[in-house]
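*Asks:* There's a structure below that I have some questions on.
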Amino acid sequence: MREIKAGSITQVVAQLCQQANFELGEDVLSAFRQARQTEESELGREVLSQLLENARIAKQECLPLCQDCGMAVVFLEIGQEVYITNGALYAAVEEGVRHGYTQGYLRGSIVSQPFSARVNTKDNTPPVIHTEIVPGDQVKVVVMPKGGGAENMSKLTMLKPGDGQQGIVDLVVATVDEAGGNPCPPLIVGLGIGATAEKAMLLAKKALLRKVGKLNPDPEIARLEKEILTQVNALGIGPSGFGGRTTALAVHAEVMPAHIASLPVAVNLQCHSARHKEIVL
């Protein structure tokens with residue numbers, strides 16, 4: 001049994017909150033550069049150039065990539081041979097978010113009493129935490145600051161089994177079309193297909209953690225991802241909604257078996273500021 005102190009969790013979560021808000025991954029930047037080469041719209045190319053410049057400045061000056069520093073979504077993979085000492089795990093994560101956002105001068109975007117008073121908690125707590133128990137004696141921590149504009153475009157639909165693949169394609173394309181420029185394209189489209197309603201939503205969110213453009217290893221799912229991406233980019237929404245072929249950079253789908261009577265499909269859109277950082281303890 002390996003012991004990891006709760007304070008170590010707090011420290012890395014605080015670090016990841018700031019890194020994620022200041023630095024875009026190289027996979028995202030490469031996708032921007034490639035899209036700029038292929039984008040037919042002059043205005044679309046200009047938007048992509050500005051996004052690259054914004055990312056450069058944010059990293060260099062340690063400034064937020066976006067004024068919306070997101071709700072902190074934290075994914076934990078806990079090795080079953082790990083024992084957390086000197087504190088509670090979830091409390092340690094929340095303290096890490098508190099430190100990361102306040103010390104990094106990141107905007108606090110979380111309100112309590114969401115349907116009434118909506119009082120800002122001022123330190124971006126509490127985070128949303130997803131925990132998975134895995135083999136081994138390590139802890140993997142992933143922090144994803146998820147912006148409200150893109151998250152507001154999420155959709156869960158319980159399709160009929162007979163709707164099949166075409167039903168999924170039609171649903172995703174309609175969701176992106178309806179969203180328009182609101183989720184700040186170019187997007188990454190996260191899809192969760194199968195399982196149950198709540199699991200499909202989690203699959204869609206986790207799909208956004210995949211390297212941009214890395215296809216699902218299942219050939220059938222990969223073909224579905226390609227087909228949806230083609231149709232989404234044919235909508236003409238373009239970067240920032242100003243028109244063009246680059247409405248989405250990638251479609252990432254995760255699939256689980258489903259009940260014989262169900263075909264849950266969750267769509268989670270990620271804006272161009274596709275922020276997440278991870279570390280393994």
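Going through the structure tokens in order, the chains are called A, B, and so on, while each chain numbers its residues from 1 and the ligands are numbered from 1 in the order shown.
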Give me the residues within 9 Å of stretch 249-262 of chain A as a PyMOL selection string, counting only C-alpha atoms and dropping any in the same chain fewer than 2 places off.
*Replies:* chain A and resi 28+31-32+35+158-161+185-196+199-200+203-204+206-208+210+212-216+221-222+224-226+228-229+233+246-247+264+272
*Asks:* Selection from above, C-alpha atoms, as a PDB file, in the first residue's frame, can you write it?
*Replies:*
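Output contents, as saved in out_4.pdb:
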```pdb
ATOM      1  CA  VAL A  28      -4.839  22.127 -30.025  1.00  0.00           C
ATOM      2  CA  ALA A  31      -5.004  21.820 -35.068  1.00  0.00           C
ATOM      3  CA  PHE A  32      -5.319  25.615 -35.279  1.00  0.00           C
ATOM      4  CA  ALA A  35      -7.060  24.613 -39.982  1.00  0.00           C
ATOM      5  CA  MET A 158     -32.645   9.222 -25.544  1.00  0.00           C
ATOM      6  CA  LEU A 159     -32.908   8.055 -29.132  1.00  0.00           C
ATOM      7  CA  LYS A 160     -34.927   5.039 -30.142  1.00  0.00           C
ATOM      8  CA  PRO A 161     -32.755   2.006 -30.917  1.00  0.00           C
ATOM      9  CA  PRO A 185     -15.989  27.525 -32.494  1.00  0.00           C
ATOM     10  CA  PRO A 186     -13.865  25.903 -33.781  1.00  0.00           C
ATOM     11  CA  LEU A 187     -15.187  23.174 -31.516  1.00  0.00           C
ATOM     12  CA  ILE A 188     -14.255  19.774 -30.286  1.00  0.00           C
ATOM     13  CA  VAL A 189     -17.400  17.655 -30.187  1.00  0.00           C
ATOM     14  CA  GLY A 190     -17.514  15.117 -27.373  1.00  0.00           C
ATOM     15  CA  LEU A 191     -19.988  12.271 -27.777  1.00  0.00           C
ATOM     16  CA  GLY A 192     -21.121   9.670 -25.281  1.00  0.00           C
ATOM     17  CA  ILE A 193     -23.127   6.855 -26.833  1.00  0.00           C
ATOM     18  CA  GLY A 194     -24.819   4.034 -24.967  1.00  0.00           C
ATOM     19  CA  ALA A 195     -24.869   3.026 -21.283  1.00  0.00           C
ATOM     20  CA  THR A 196     -27.385   5.093 -19.267  1.00  0.00           C
ATOM     21  CA  LYS A 199     -23.013   7.662 -17.959  1.00  0.00           C
ATOM     22  CA  ALA A 200     -23.460   8.890 -21.528  1.00  0.00           C
ATOM     23  CA  LEU A 203     -18.494   9.648 -21.560  1.00  0.00           C
ATOM     24  CA  ALA A 204     -19.073  12.760 -23.667  1.00  0.00           C
ATOM     25  CA  LYS A 206     -14.256  12.436 -20.961  1.00  0.00           C
ATOM     26  CA  ALA A 207     -14.076  12.223 -24.757  1.00  0.00           C
ATOM     27  CA  LEU A 208     -12.876  15.828 -24.747  1.00  0.00           C
ATOM     28  CA  ARG A 210      -8.458  12.815 -26.006  1.00  0.00           C
ATOM     29  CA  VAL A 212      -7.382  16.551 -30.765  1.00  0.00           C
ATOM     30  CA  GLY A 213      -8.077  14.533 -33.883  1.00  0.00           C
ATOM     31  CA  LYS A 214      -6.974  11.183 -32.464  1.00  0.00           C
ATOM     32  CA  LEU A 215      -9.591   8.764 -33.739  1.00  0.00           C
ATOM     33  CA  ASN A 216     -11.293   6.123 -31.642  1.00  0.00           C
ATOM     34  CA  ILE A 221     -16.599   4.424 -34.250  1.00  0.00           C
ATOM     35  CA  ALA A 222     -13.753   6.163 -36.084  1.00  0.00           C
ATOM     36  CA  LEU A 224     -18.721   7.698 -37.355  1.00  0.00           C
ATOM     37  CA  GLU A 225     -16.423  10.430 -35.998  1.00  0.00           C
ATOM     38  CA  LYS A 226     -15.198  11.252 -39.502  1.00  0.00           C
ATOM     39  CA  ILE A 228     -19.999  13.680 -38.263  1.00  0.00           C
ATOM     40  CA  LEU A 229     -16.973  15.974 -38.565  1.00  0.00           C
ATOM     41  CA  ASN A 233     -17.930  21.461 -41.077  1.00  0.00           C
ATOM     42  CA  THR A 246     -13.655  25.026 -39.674  1.00  0.00           C
ATOM     43  CA  THR A 247     -16.647  24.738 -37.386  1.00  0.00           C
ATOM     44  CA  PRO A 264     -28.648   7.355 -25.097  1.00  0.00           C
ATOM     45  CA  HIS A 272     -11.702  26.543 -29.048  1.00  0.00           C
TER      46      HIS A 272
END
```
*Asks:* Do you know which residues are at most 9 Å from stretch 62-64 of chain A counting only C-alpha atoms, after dropping those on the same chain fewer than 5 positions away, and could you put them as JSON, numbers by chain?
*Replies:* {"A": [18, 19, 20, 21, 22, 23, 57, 69, 104, 105, 106, 107]}
*Asks:* Which one is closest to A:Arg45: A:Tyr90, A:Lys205, A:Gly244, A:Ala266? Count only C-alpha atoms.
*Replies:*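 Closest to A:Arg45, using only C-alpha atoms: A:Gly244.
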*Asks:* Can you pull out every residue within 8 Å of A:Lys146, counting only C-alpha atoms, but drop anything in the same chain fewer than 6 positions away, and send it as a list in words?
*Replies:*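 Those residues are Cys69, Gly70, Met71, Ala72, Val73, Gln270 and Arg275 of chain A.
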*Asks:* Write out as an NGL selection string all residues of stretch 8-256 of chain A that DSSP puts in alpha helix (DSSP H) for this structure's backbone.
*Replies:* :A and (8-22 or 26-38 or 42-61 or 89-103 or 148-151 or 164-179 or 197-207 or 219-233)
*Asks:* Select, from A:Glu220, A:Glu46, A:Glu61, A:Asp68, the residue with the minimum atom-to-atom distance to A:Cys184, counting only C-alpha atoms.
*Replies:* A:Asp68
*Asks:* Quick one: everything within 7 Å of stretch 1-5 of chain A, counting only C-alpha atoms, minus sequence neighbours fewer than 5 positions away in the same chain. Send it as a short mmCIF file (atom, residue, chain, number, x, y, z; two decimals) with C-alpha atoms, in the first residue's frame.
*Replies:*
```
data_model
loop_
_atom_site.label_atom_id
_atom_site.label_comp_id
_atom_site.auth_asym_id
_atom_site.auth_seq_id
_atom_site.Cartn_x
_atom_site.Cartn_y
_atom_site.Cartn_z
CA GLU A 81 -3.20 0.28 -3.78
CA VAL A 82 -3.12 3.96 -2.78
CA TYR A 83 -4.04 5.28 0.65
CA ILE A 84 -4.73 9.03 1.03
CA THR A 85 -3.41 10.30 4.36
CA ASN A 86 -3.58 13.52 6.37
CA ASP A 137 -0.39 2.53 -6.77
#
```
*Asks:* Mind dumping a table of every stretch 111-213 of chain A residue within 10 Å of stretch 92-97 of chain A, with the nearest atom pair and its distance in Å to one decimal, using only C-alpha atoms, sorted by chain and rising number, as a Markdown table?
*Replies:*
```
| residue | atom | partner | partner_atom | distance |
| --- | --- | --- | --- | --- |
| A:Asp123 | CA | A:Val97 | CA | 7.7 |
| A:Asn124 | CA | A:Val97 | CA | 7.0 |
| A:Thr125 | CA | A:Glu94 | CA | 6.4 |
| A:Pro126 | CA | A:Glu94 | CA | 6.1 |
| A:Pro127 | CA | A:Glu94 | CA | 6.3 |
| A:Val128 | CA | A:Glu94 | CA | 9.1 |
| A:Ile129 | CA | A:Val93 | CA | 8.3 |
| A:Val141 | CA | A:Val93 | CA | 9.6 |
| A:Val143 | CA | A:Val97 | CA | 9.3 |
```
*Asks:* How would you write, as number ranges by chain, the set of residues in stretch 102-203 of chain A that DSSP gives as strand (DSSP E)?
*Replies:* A: 111-112, 119-120, 128-134, 139-146, 155-159, 187-195
*Asks:* Between atom CA of A:Asn268 and atom CA of A:Pro183, what is the spacing in Å?
*Replies:*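 Separation of atom CA of A:Pro183 and atom CA of A:Asn268: 10.4 Å.
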